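Notes follow once the structure below has been shown.
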Amino acid sequence: MLEVSNLHTYHGYLHAVKGVSFCLRQGEILSIVGSNGAGKSTLLGTIAGVYAPREGTIAFQGENIAGQPVERVVSRGICLVPERRQIFDSLSVKDNLLLGAYHRFQKEKRQVQQDYEKILDVFPKLKAMLDRPGGLLSGGEQQMVAIGRGLMANPSLMMLDEPSLGLAPLIVKNIMDVFVQLKQAFGTTIILVEQNVNAALKISDYACVLERGKIVISGTARDVMENPDVRNAYLGKSKEAVASDGRLDQ
């Protein structure tokens with residue numbers, strides 16, 4: 001479904017993404033982890049059309065979309081749920097959700113309404129607050145709206161930048177469960193950039209570690225989780241400690 005090859009992106013003179021390559025099939029979840037400033041958000045923004053790459057290709061469903069404008073990328077079936085939610089505080093929950101379908105509202109009104117109802121089934125808590133301004137929601141509720149807004153674009157590929165940021169552990173678990181549900185029920189392909197490495201790797205099929213714009217470790221999520229460098233740097237537990245108690249997490 002998605003093949004990124006030798007991608008290079010610059011912010012002025014800063015070489016933020018350096019030769020990144022990976023493949024992703026439909027219905028898979030890929031986690032991209034790394035420290036602040038590693039280039040994770042820039043990588044997602046490049047795939048989404050926010051940034052134009054200097055070099056490389058982004059083949060999505062057989063078409064090279066590298067450098068295409070955001071609206072074209074969205075219409076092809078890719079959406080980005082940005083860091084810190086970025087919902088509209090003055091708009092109601094309902095209007096925030098419907099904005100996600102702006103590019104197809106006129107041509108697909110009936111389908112948009114059906115998708116809207118499906119999203120409320122995924123996030124039933126939102127049904128009781130459809131008229132509430134987005135700015136009055138909790139962080140977890142805003143994240144539900146941000147994800148729901150992305151789903152209203154009817155994406156084949158959904159990318160999420162730090163969806164657990166600032167959320168309580170129980171809410172993080174609920175959000176991660178939603179991603180698994182989207183994969184299993186709708187076949188949605190997901191790229192997840194996440195500082196909560198343990199939570200992300202638990203639900204992912206594959207993972208990679210980005211450092212200074214380059215992928216330095218990649219493989220199945222299980223293999224990446226068991227990598228001693230990853231465990232020491234991001235999970236706070238060495239391979240020896242894992243061997244001593246037989247568990248991958250605590």
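Residue numbering restarts at 1 in every chain; chains get A, B, ... in the order shown in the structure tokens, and ligands count up from 1 in that same order.
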Please report as JSON lines every residue of region 161-197 of chain A lying within 12 Å of region 116-139 of chain A, along with the nearest atom pair and their distance in Å (one decimal), using only C-alpha atoms.
```
{"residue": "A:Pro163", "atom": "CA", "partner": "A:Gly139", "partner_atom": "CA", "distance": 10.2}
{"residue": "A:Ser164", "atom": "CA", "partner": "A:Gly139", "partner_atom": "CA", "distance": 9.4}
{"residue": "A:Leu165", "atom": "CA", "partner": "A:Gly139", "partner_atom": "CA", "distance": 8.9}
{"residue": "A:Gly166", "atom": "CA", "partner": "A:Gly139", "partner_atom": "CA", "distance": 7.2}
{"residue": "A:Leu167", "atom": "CA", "partner": "A:Gly139", "partner_atom": "CA", "distance": 6.5}
{"residue": "A:Ala168", "atom": "CA", "partner": "A:Gly139", "partner_atom": "CA", "distance": 9.1}
{"residue": "A:Ile171", "atom": "CA", "partner": "A:Gly139", "partner_atom": "CA", "distance": 9.4}
{"residue": "A:Val172", "atom": "CA", "partner": "A:Gly139", "partner_atom": "CA", "distance": 10.8}
{"residue": "A:Asn174", "atom": "CA", "partner": "A:Phe123", "partner_atom": "CA", "distance": 10.2}
{"residue": "A:Ile175", "atom": "CA", "partner": "A:Phe123", "partner_atom": "CA", "distance": 9.9}
{"residue": "A:Asp177", "atom": "CA", "partner": "A:Val122", "partner_atom": "CA", "distance": 10.5}
{"residue": "A:Val178", "atom": "CA", "partner": "A:Val122", "partner_atom": "CA", "distance": 7.4}
{"residue": "A:Phe179", "atom": "CA", "partner": "A:Val122", "partner_atom": "CA", "distance": 10.3}
{"residue": "A:Val180", "atom": "CA", "partner": "A:Val122", "partner_atom": "CA", "distance": 11.6}
{"residue": "A:Gln181", "atom": "CA", "partner": "A:Val122", "partner_atom": "CA", "distance": 8.6}
{"residue": "A:Leu182", "atom": "CA", "partner": "A:Val122", "partner_atom": "CA", "distance": 8.9}
{"residue": "A:Ala185", "atom": "CA", "partner": "A:Val122", "partner_atom": "CA", "distance": 10.6}
{"residue": "A:Phe186", "atom": "CA", "partner": "A:Lys118", "partner_atom": "CA", "distance": 10.9}
```
Just list as a ChimeraX atom specification whatever in region 25-243 of chain A DSSP marks as strand (DSSP E or B). /A:29-33,55-60,63-64,78-81,92,133,157-161,189-193,206-211,214-220
So the first atom is CA of Asp229 (chain A) and the second is CA of Tyr10 (chain A); what is the distance between them in Å, to one decimal place? 27.8 Å
Quick one: residues within 8 Å of region 146-158 of chain A, only C-alpha atoms counted, chain neighbours fewer than 5 positions away excluded, as an MDAnalysis selection string? chainID A and resid 26 74 77:81 85:87 96:104 112 115:116 119 123 187:191
Can you write just those residues out, N, CA and C atoms, as a tab-separated table (two decimals), in the first residue's frame?
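So the final result, stored in part.tsv, reads:
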```tsv
chain	number	residue	atom	x	y	z
A	26	GLN	N	-1.61	-3.00	3.60
A	26	GLN	CA	-2.92	-2.61	4.11
A	26	GLN	C	-3.23	-3.35	5.41
A	74	VAL	N	-4.94	14.09	0.83
A	74	VAL	CA	-6.14	13.73	1.59
A	74	VAL	C	-7.16	13.04	0.69
A	77	GLY	N	-6.69	9.41	0.18
A	77	GLY	CA	-7.01	8.50	1.27
A	77	GLY	C	-6.01	8.48	2.40
A	78	ILE	N	-5.28	9.58	2.60
A	78	ILE	CA	-4.31	9.68	3.70
A	78	ILE	C	-4.72	10.83	4.60
A	79	CYS	N	-4.73	10.59	5.91
A	79	CYS	CA	-5.01	11.69	6.83
A	79	CYS	C	-3.96	11.69	7.94
A	80	LEU	N	-3.72	12.88	8.48
A	80	LEU	CA	-2.77	13.08	9.57
A	80	LEU	C	-3.50	13.70	10.75
A	81	VAL	N	-3.46	13.01	11.90
A	81	VAL	CA	-3.97	13.57	13.14
A	81	VAL	C	-2.77	14.20	13.85
A	85	ARG	N	-3.66	17.57	19.15
A	85	ARG	CA	-5.04	17.53	18.69
A	85	ARG	C	-5.41	18.60	17.68
A	86	GLN	N	-5.23	19.89	18.03
A	86	GLN	CA	-5.51	21.02	17.14
A	86	GLN	C	-6.95	21.02	16.65
A	87	ILE	N	-7.90	20.75	17.55
A	87	ILE	CA	-9.29	20.91	17.19
A	87	ILE	C	-9.67	22.38	17.35
A	96	ASN	N	-16.67	19.96	14.52
A	96	ASN	CA	-15.28	19.52	14.41
A	96	ASN	C	-15.19	18.20	13.66
A	97	LEU	N	-16.09	17.28	13.96
A	97	LEU	CA	-16.08	15.99	13.27
A	97	LEU	C	-16.38	16.15	11.79
A	98	LEU	N	-17.42	16.92	11.48
A	98	LEU	CA	-17.83	17.07	10.08
A	98	LEU	C	-16.78	17.78	9.23
A	99	LEU	N	-15.95	18.60	9.86
A	99	LEU	CA	-14.90	19.27	9.11
A	99	LEU	C	-13.93	18.27	8.46
A	100	GLY	N	-13.80	17.11	9.06
A	100	GLY	CA	-12.91	16.10	8.49
A	100	GLY	C	-13.36	15.60	7.13
A	101	ALA	N	-14.63	15.81	6.81
A	101	ALA	CA	-15.18	15.34	5.53
A	101	ALA	C	-15.41	16.49	4.56
A	102	TYR	N	-14.72	17.61	4.78
A	102	TYR	CA	-14.99	18.80	3.96
A	102	TYR	C	-14.79	18.54	2.47
A	103	HIS	N	-13.82	17.70	2.12
A	103	HIS	CA	-13.46	17.49	0.73
A	103	HIS	C	-14.42	16.55	0.00
A	104	ARG	N	-15.33	15.90	0.73
A	104	ARG	CA	-16.24	14.97	0.07
A	104	ARG	C	-17.69	15.18	0.48
A	112	VAL	N	-21.19	10.32	4.10
A	112	VAL	CA	-20.64	11.11	5.20
A	112	VAL	C	-21.48	10.92	6.46
A	115	ASP	N	-20.76	7.53	7.90
A	115	ASP	CA	-19.45	7.51	8.56
A	115	ASP	C	-19.52	8.24	9.90
A	116	TYR	N	-20.26	9.32	9.94
A	116	TYR	CA	-20.43	10.08	11.18
A	116	TYR	C	-21.06	9.20	12.26
A	119	ILE	N	-18.55	6.65	13.57
A	119	ILE	CA	-17.55	7.23	14.47
A	119	ILE	C	-18.14	7.41	15.87
A	123	PHE	N	-16.74	6.02	19.34
A	123	PHE	CA	-16.55	6.90	20.50
A	123	PHE	C	-17.92	7.27	21.09
A	187	GLY	N	-9.92	-2.44	8.47
A	187	GLY	CA	-8.72	-2.63	7.66
A	187	GLY	C	-7.90	-1.36	7.49
A	188	THR	N	-8.03	-0.42	8.45
A	188	THR	CA	-7.29	0.83	8.36
A	188	THR	C	-5.81	0.60	8.61
A	189	THR	N	-4.98	1.15	7.75
A	189	THR	CA	-3.54	1.10	7.95
A	189	THR	C	-3.14	2.31	8.79
A	190	ILE	N	-2.25	2.10	9.76
A	190	ILE	CA	-1.94	3.14	10.73
A	190	ILE	C	-0.43	3.30	10.88
A	191	ILE	N	0.03	4.55	10.85
A	191	ILE	CA	1.40	4.90	11.24
A	191	ILE	C	1.29	5.72	12.52
```
For Glu28 (chain A), the closest of A:Glu162, A:Asp205, A:Glu211, A:Glu83 counting only C-alpha atoms is A:Asp205
Any idea what the distance is between CA of Val230 (chain A) and CA of Gly37 (chain A)?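 Atom-to-atom, CA of Val230 (chain A) and CA of Gly37 (chain A) are spaced 17.0 Å apart.
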Which residues, written as a ChimeraX atom specification, have at least one atom at most 8 Å from Gly213 (chain A), with only C-alpha atoms counted and residues fewer than 5 positions away on the same chain left out? /A:15-20,38-40
Those residues you just picked out, can you put them in a file as a PDB file, in the first residue's frame with all heavy atoms?
```
ATOM      1  N   HIS A  15      18.749  19.368   7.601  1.00  0.00           N
ATOM      2  CA  HIS A  15      18.419  18.094   6.947  1.00  0.00           C
ATOM      3  C   HIS A  15      17.670  17.226   7.968  1.00  0.00           C
ATOM      4  O   HIS A  15      18.272  16.518   8.760  1.00  0.00           O
ATOM      5  CB  HIS A  15      19.704  17.417   6.488  1.00  0.00           C
ATOM      6  CG  HIS A  15      19.496  16.318   5.495  1.00  0.00           C
ATOM      7  ND1 HIS A  15      20.543  15.652   4.895  1.00  0.00           N
ATOM      8  CD2 HIS A  15      18.364  15.758   4.981  1.00  0.00           C
ATOM      9  CE1 HIS A  15      20.071  14.736   4.068  1.00  0.00           C
ATOM     10  NE2 HIS A  15      18.759  14.787   4.106  1.00  0.00           N
ATOM     11  N   ALA A  16      16.331  17.296   7.955  1.00  0.00           N
ATOM     12  CA  ALA A  16      15.518  16.684   9.015  1.00  0.00           C
ATOM     13  C   ALA A  16      15.244  15.203   8.798  1.00  0.00           C
ATOM     14  O   ALA A  16      15.174  14.435   9.759  1.00  0.00           O
ATOM     15  CB  ALA A  16      14.188  17.435   9.148  1.00  0.00           C
ATOM     16  N   VAL A  17      15.045  14.786   7.559  1.00  0.00           N
ATOM     17  CA  VAL A  17      14.799  13.375   7.230  1.00  0.00           C
ATOM     18  C   VAL A  17      15.849  12.953   6.217  1.00  0.00           C
ATOM     19  O   VAL A  17      15.985  13.570   5.157  1.00  0.00           O
ATOM     20  CB  VAL A  17      13.377  13.166   6.665  1.00  0.00           C
ATOM     21  CG1 VAL A  17      13.180  11.722   6.214  1.00  0.00           C
ATOM     22  CG2 VAL A  17      12.324  13.554   7.694  1.00  0.00           C
ATOM     23  N   LYS A  18      16.593  11.875   6.541  1.00  0.00           N
ATOM     24  CA  LYS A  18      17.786  11.524   5.772  1.00  0.00           C
ATOM     25  C   LYS A  18      17.695  10.103   5.214  1.00  0.00           C
ATOM     26  O   LYS A  18      18.054   9.126   5.870  1.00  0.00           O
ATOM     27  CB  LYS A  18      19.030  11.643   6.658  1.00  0.00           C
ATOM     28  CG  LYS A  18      19.196  13.011   7.313  1.00  0.00           C
ATOM     29  CD  LYS A  18      20.349  13.018   8.302  1.00  0.00           C
ATOM     30  CE  LYS A  18      20.481  14.359   9.001  1.00  0.00           C
ATOM     31  NZ  LYS A  18      21.569  14.360  10.017  1.00  0.00           N
ATOM     32  N   GLY A  19      17.173   9.983   4.028  1.00  0.00           N
ATOM     33  CA  GLY A  19      17.197   8.699   3.330  1.00  0.00           C
ATOM     34  C   GLY A  19      16.311   7.629   3.943  1.00  0.00           C
ATOM     35  O   GLY A  19      16.666   6.450   3.935  1.00  0.00           O
ATOM     36  N   VAL A  20      15.149   8.004   4.446  1.00  0.00           N
ATOM     37  CA  VAL A  20      14.249   7.045   5.097  1.00  0.00           C
ATOM     38  C   VAL A  20      13.535   6.192   4.049  1.00  0.00           C
ATOM     39  O   VAL A  20      13.028   6.701   3.040  1.00  0.00           O
ATOM     40  CB  VAL A  20      13.216   7.783   5.971  1.00  0.00           C
ATOM     41  CG1 VAL A  20      12.092   6.844   6.398  1.00  0.00           C
ATOM     42  CG2 VAL A  20      13.904   8.390   7.183  1.00  0.00           C
ATOM     43  N   ALA A  38      14.088  13.953  16.428  1.00  0.00           N
ATOM     44  CA  ALA A  38      14.623  12.893  15.574  1.00  0.00           C
ATOM     45  C   ALA A  38      14.124  12.975  14.137  1.00  0.00           C
ATOM     46  O   ALA A  38      14.678  12.333  13.253  1.00  0.00           O
ATOM     47  CB  ALA A  38      14.276  11.521  16.152  1.00  0.00           C
ATOM     48  N   GLY A  39      13.040  13.741  13.910  1.00  0.00           N
ATOM     49  CA  GLY A  39      12.496  13.867  12.557  1.00  0.00           C
ATOM     50  C   GLY A  39      11.183  13.133  12.358  1.00  0.00           C
ATOM     51  O   GLY A  39      10.692  13.041  11.225  1.00  0.00           O
ATOM     52  N   LYS A  40      10.582  12.636  13.429  1.00  0.00           N
ATOM     53  CA  LYS A  40       9.357  11.837  13.312  1.00  0.00           C
ATOM     54  C   LYS A  40       8.192  12.646  12.743  1.00  0.00           C
ATOM     55  O   LYS A  40       7.523  12.210  11.810  1.00  0.00           O
ATOM     56  CB  LYS A  40       8.980  11.247  14.677  1.00  0.00           C
ATOM     57  CG  LYS A  40      10.088  10.468  15.365  1.00  0.00           C
ATOM     58  CD  LYS A  40       9.623   9.823  16.658  1.00  0.00           C
ATOM     59  CE  LYS A  40       9.144  10.802  17.698  1.00  0.00           C
ATOM     60  NZ  LYS A  40      10.202  11.758  18.142  1.00  0.00           N
TER      61      LYS A  40
END
```
Which of these residues is nearest to Gln195 (chain A), using only C-alpha atoms: A:Asp95, A:Val70, A:Asp161, A:Cys23? A:Asp161
DSSP on the backbone: what in region 9-241 of chain A comes out helix (DSSP H, G or I), as number ranges by chain? A: 40-48, 70-76, 93-99, 109-122, 124-129, 134-136, 139-151, 169-186, 197-203, 221-226, 228-235, 239-241
